[in-house]
Amino acid sequence: MGYIENNLVKGEEIIFRTRYHWFVIFSFALRSLIVFGFLALLMVPSTGSSASLTCVGFLSIFAIVPGYIKYSTSEFGLTNRRVLIKSGWLRHETLELNLGRIESFQARSTLLGRMLGFSDLTLTGSGGTRLIYRGVAHGDLFRKRVVEHSTDEGQYRQAPAPVSRDFPTSGDPFEDIADQQFNYAQQLYRSGKVEQAIGVLEVLSAQGYERAQRALDKIKSS
C-alpha cells in the first residue's frame with residue numbers, strides 16, 4: 001500500500017490518482033548528460049577522448065537514478081475530502097490539503113507536454129501557500145477533477161465509487177489510468193450527469209483514447 005492508502009480516514013475514498021510522467025526520467029538524464037559532456041570536453045587534453053567518453057557513459061547511467069526515484073515514488077491523489085501529494089524517497093515531501101482550502105489550481109502544458117500527456121501544476125492553498133509540480137502525468141485531468149469536487153458541494157458529499165488503489169501494472173500506464181477515467185465517465189452518464197461525463201470523455205479523446213471518442217460520437221448521435 002502506498003502513502004495515499006495509508007493516510008485515508010474513515011469514510012474517505014480515492015477518486016483520482018496519478019504520478020509524475022515518465023518524461024521526468026529523461027529530463028533528469030538529459031540535464032546531467034549536458035553537464036557531464038561539458039566536463040568530458042575539459043578532460044580530453046589530459047585523459048584522451050576514449051577515456052572521457054567512457055567516463056561520461058558511466059556517469060550517464062547514474063544520471064537516470066534521481067529521475068527514476070522521483071517518478072516511481074510520486075503519488076498525486078484526490079479523495080472525496082482532500083488532495084494528497086507525496087514525492088521523494090529518503091526525504092518525503094508531502095501535501096494534504098482539504099478541498100475547501102484550495103484557492104486556485106492551474107495546469108500549464110507545453111507543446112511537448114500536450115503531445116506526451118503531462119502538465120505543470122500550480123496549487124495555491126489558503127494563506128497564499130503556493131506549490132509547483134512539474135511534469136505530472138494527466139495533470140490537466142487531475143486539475144479538472146479537483147476543481148469539480150471542490151466547487152460542487154453535492155458531488156463533494158457523495159463521491160463516486162473509488163477507482164483501483166493500485167498503480168497501473170501493465171505495459172502502458174496511460175491505458176490503465178484512461179480506463180479508470182472512462183469507467184468514471186460511464187458512472188456520471190448513468191447517474192444523469194451528462195455534461196460532466198462529456199467533459200471527462202473530451203479530455204480522454206484529446207489524449208488519443210479511442211474508446212472515449214466512440215462514446216462521444218454515440219452520445220451526440222443519440
# chains A, B, ... in the order shown; residues from 1 in each chain; ligands from 1
call {"tool": "residues_around", "arguments": {"residues": "range 113-116 of chain A", "least_positions_apart": "6", "cutoff": "9 Å", "atoms": "only C-alpha atoms", "output": "mmCIF file with C-alpha atoms, in the first residue's frame"}}
result
data_model
loop_
_atom_site.group_PDB
_atom_site.id
_atom_site.type_symbol
_atom_site.label_atom_id
_atom_site.label_comp_id
_atom_site.auth_asym_id
_atom_site.auth_seq_id
_atom_site.Cartn_x
_atom_site.Cartn_y
_atom_site.Cartn_z
ATOM 1 C CA HIS A 21 5.213 11.435 -16.037
ATOM 2 C CA PHE A 23 9.454 12.123 -19.056
ATOM 3 C CA GLY A 135 5.757 17.093 -15.301
ATOM 4 C CA ALA A 137 1.015 12.801 -15.917
ATOM 5 C CA GLN A 207 -5.206 12.498 -25.493
#
call {"tool": "residues_around", "arguments": {"residues": "Trp22 in chain A", "least_positions_apart": "6", "cutoff": "10 Å", "atoms": "only C-alpha atoms", "output": "list in words"}}
result
Gly67, Tyr68, Lys70, Tyr71, Ser72, Leu116, Phe118, Gly135, Val136, Ala137 and Pro173 of chain A
call {"tool": "atom_distance", "arguments": {"atom1": "CA of Ile15 in chain A", "atom2": "CA of His149 in chain A"}}
result
9.6 Å
call {"tool": "closest_residue", "arguments": {"among": "A:Gln180, A:Thr18, A:Thr110, A:Ser126", "to": "Glu75 in chain A", "atoms": "only C-alpha atoms"}}
result
A:Thr18
call {"tool": "closest_residue", "arguments": {"among": "A:Arg134, A:Lys10, A:Arg91, A:Lys86", "to": "Val24 in chain A", "atoms": "only C-alpha atoms"}}
result
A:Arg134
call {"tool": "decode", "arguments": {"residues": "range 92-106 of chain A", "atoms": "all heavy atoms", "output": "compact mmCIF listing (two decimals), in the first residue's frame"}}
result
# COMPACT_ATOMS: atom_id res chain seq x y z
N HIS A 92 10.83 12.55 2.34
CA HIS A 92 9.48 12.69 1.79
C HIS A 92 9.05 14.15 1.79
O HIS A 92 9.26 14.87 2.76
CB HIS A 92 8.47 11.88 2.62
CG HIS A 92 8.61 10.41 2.41
ND1 HIS A 92 7.80 9.49 3.06
CD2 HIS A 92 9.43 9.69 1.62
CE1 HIS A 92 8.14 8.28 2.69
NE2 HIS A 92 9.13 8.37 1.83
N GLU A 93 8.43 14.56 0.70
CA GLU A 93 7.76 15.85 0.62
C GLU A 93 6.28 15.55 0.43
O GLU A 93 5.89 14.95 -0.57
CB GLU A 93 8.30 16.68 -0.54
CG GLU A 93 9.77 17.07 -0.37
CD GLU A 93 10.28 17.91 -1.52
OE1 GLU A 93 9.47 18.22 -2.42
OE2 GLU A 93 11.47 18.27 -1.52
N THR A 94 5.47 15.96 1.38
CA THR A 94 4.05 15.61 1.35
C THR A 94 3.17 16.85 1.44
O THR A 94 3.57 17.89 1.95
CB THR A 94 3.68 14.65 2.50
OG1 THR A 94 3.93 15.31 3.75
CG2 THR A 94 4.51 13.38 2.43
N LEU A 95 1.96 16.70 0.92
CA LEU A 95 0.95 17.75 1.00
C LEU A 95 -0.40 17.09 1.23
O LEU A 95 -0.77 16.15 0.54
CB LEU A 95 0.90 18.57 -0.29
CG LEU A 95 -0.28 19.55 -0.42
CD1 LEU A 95 -0.10 20.71 0.56
CD2 LEU A 95 -0.43 20.06 -1.84
N GLU A 96 -1.13 17.58 2.22
CA GLU A 96 -2.50 17.15 2.47
C GLU A 96 -3.34 18.42 2.63
O GLU A 96 -3.17 19.16 3.60
CB GLU A 96 -2.59 16.28 3.73
CG GLU A 96 -1.79 14.98 3.62
CD GLU A 96 -1.90 14.12 4.86
OE1 GLU A 96 -2.80 14.39 5.69
OE2 GLU A 96 -1.10 13.18 5.00
N LEU A 97 -4.22 18.65 1.66
CA LEU A 97 -4.97 19.90 1.63
C LEU A 97 -6.45 19.62 1.45
O LEU A 97 -6.86 18.98 0.47
CB LEU A 97 -4.46 20.77 0.47
CG LEU A 97 -4.98 22.20 0.38
CD1 LEU A 97 -4.58 23.00 1.62
CD2 LEU A 97 -4.43 22.87 -0.88
N ASN A 98 -7.26 20.09 2.39
CA ASN A 98 -8.70 19.92 2.28
C ASN A 98 -9.22 20.66 1.06
O ASN A 98 -8.73 21.73 0.70
CB ASN A 98 -9.40 20.44 3.54
CG ASN A 98 -9.14 19.57 4.75
OD1 ASN A 98 -8.83 18.39 4.61
ND2 ASN A 98 -9.24 20.15 5.93
N LEU A 99 -10.24 20.09 0.41
CA LEU A 99 -10.76 20.69 -0.81
C LEU A 99 -11.24 22.12 -0.59
O LEU A 99 -11.10 22.98 -1.46
CB LEU A 99 -11.91 19.83 -1.36
CG LEU A 99 -11.51 18.45 -1.87
CD1 LEU A 99 -12.75 17.65 -2.26
CD2 LEU A 99 -10.57 18.55 -3.06
N GLY A 100 -11.82 22.39 0.57
CA GLY A 100 -12.33 23.72 0.86
C GLY A 100 -11.25 24.77 1.06
O GLY A 100 -11.55 25.97 1.11
N ARG A 101 -9.99 24.35 1.19
CA ARG A 101 -8.89 25.28 1.43
C ARG A 101 -8.08 25.56 0.17
O ARG A 101 -7.04 26.22 0.23
CB ARG A 101 -7.98 24.73 2.53
CG ARG A 101 -8.69 24.57 3.87
CD ARG A 101 -7.75 23.98 4.92
NE ARG A 101 -6.66 24.90 5.22
CZ ARG A 101 -6.72 25.89 6.10
NH1 ARG A 101 -7.86 26.11 6.76
NH2 ARG A 101 -5.69 26.66 6.35
N ILE A 102 -8.55 25.07 -0.97
CA ILE A 102 -7.85 25.33 -2.23
C ILE A 102 -8.35 26.65 -2.81
O ILE A 102 -9.54 26.82 -3.08
CB ILE A 102 -8.10 24.18 -3.24
CG1 ILE A 102 -7.53 22.87 -2.69
CG2 ILE A 102 -7.47 24.51 -4.59
CD1 ILE A 102 -7.82 21.67 -3.55
N GLU A 103 -7.45 27.59 -3.01
CA GLU A 103 -7.82 28.89 -3.56
C GLU A 103 -7.72 28.91 -5.08
O GLU A 103 -8.56 29.50 -5.76
CB GLU A 103 -6.93 29.99 -2.96
CG GLU A 103 -7.18 30.24 -1.48
CD GLU A 103 -6.43 31.45 -0.96
OE1 GLU A 103 -5.66 32.05 -1.74
OE2 GLU A 103 -6.61 31.79 0.23
N SER A 104 -6.70 28.27 -5.62
CA SER A 104 -6.56 28.19 -7.09
C SER A 104 -5.73 26.98 -7.45
O SER A 104 -4.90 26.52 -6.67
CB SER A 104 -5.92 29.47 -7.65
OG SER A 104 -4.56 29.56 -7.28
N PHE A 105 -5.99 26.49 -8.65
CA PHE A 105 -5.28 25.30 -9.14
C PHE A 105 -5.12 25.47 -10.65
O PHE A 105 -6.10 25.49 -11.39
CB PHE A 105 -6.09 24.04 -8.82
CG PHE A 105 -5.29 22.76 -8.90
CD1 PHE A 105 -5.89 21.54 -8.61
CD2 PHE A 105 -3.96 22.76 -9.26
CE1 PHE A 105 -5.18 20.37 -8.66
CE2 PHE A 105 -3.24 21.59 -9.32
CZ PHE A 105 -3.84 20.39 -9.01
N GLN A 106 -3.88 25.61 -11.10
CA GLN A 106 -3.62 25.85 -12.51
C GLN A 106 -2.81 24.71 -13.11
O GLN A 106 -1.98 24.10 -12.43
CB GLN A 106 -2.85 27.16 -12.70
CG GLN A 106 -3.60 28.40 -12.23
CD GLN A 106 -2.77 29.65 -12.34
OE1 GLN A 106 -1.56 29.63 -12.20
NE2 GLN A 106 -3.43 30.77 -12.60
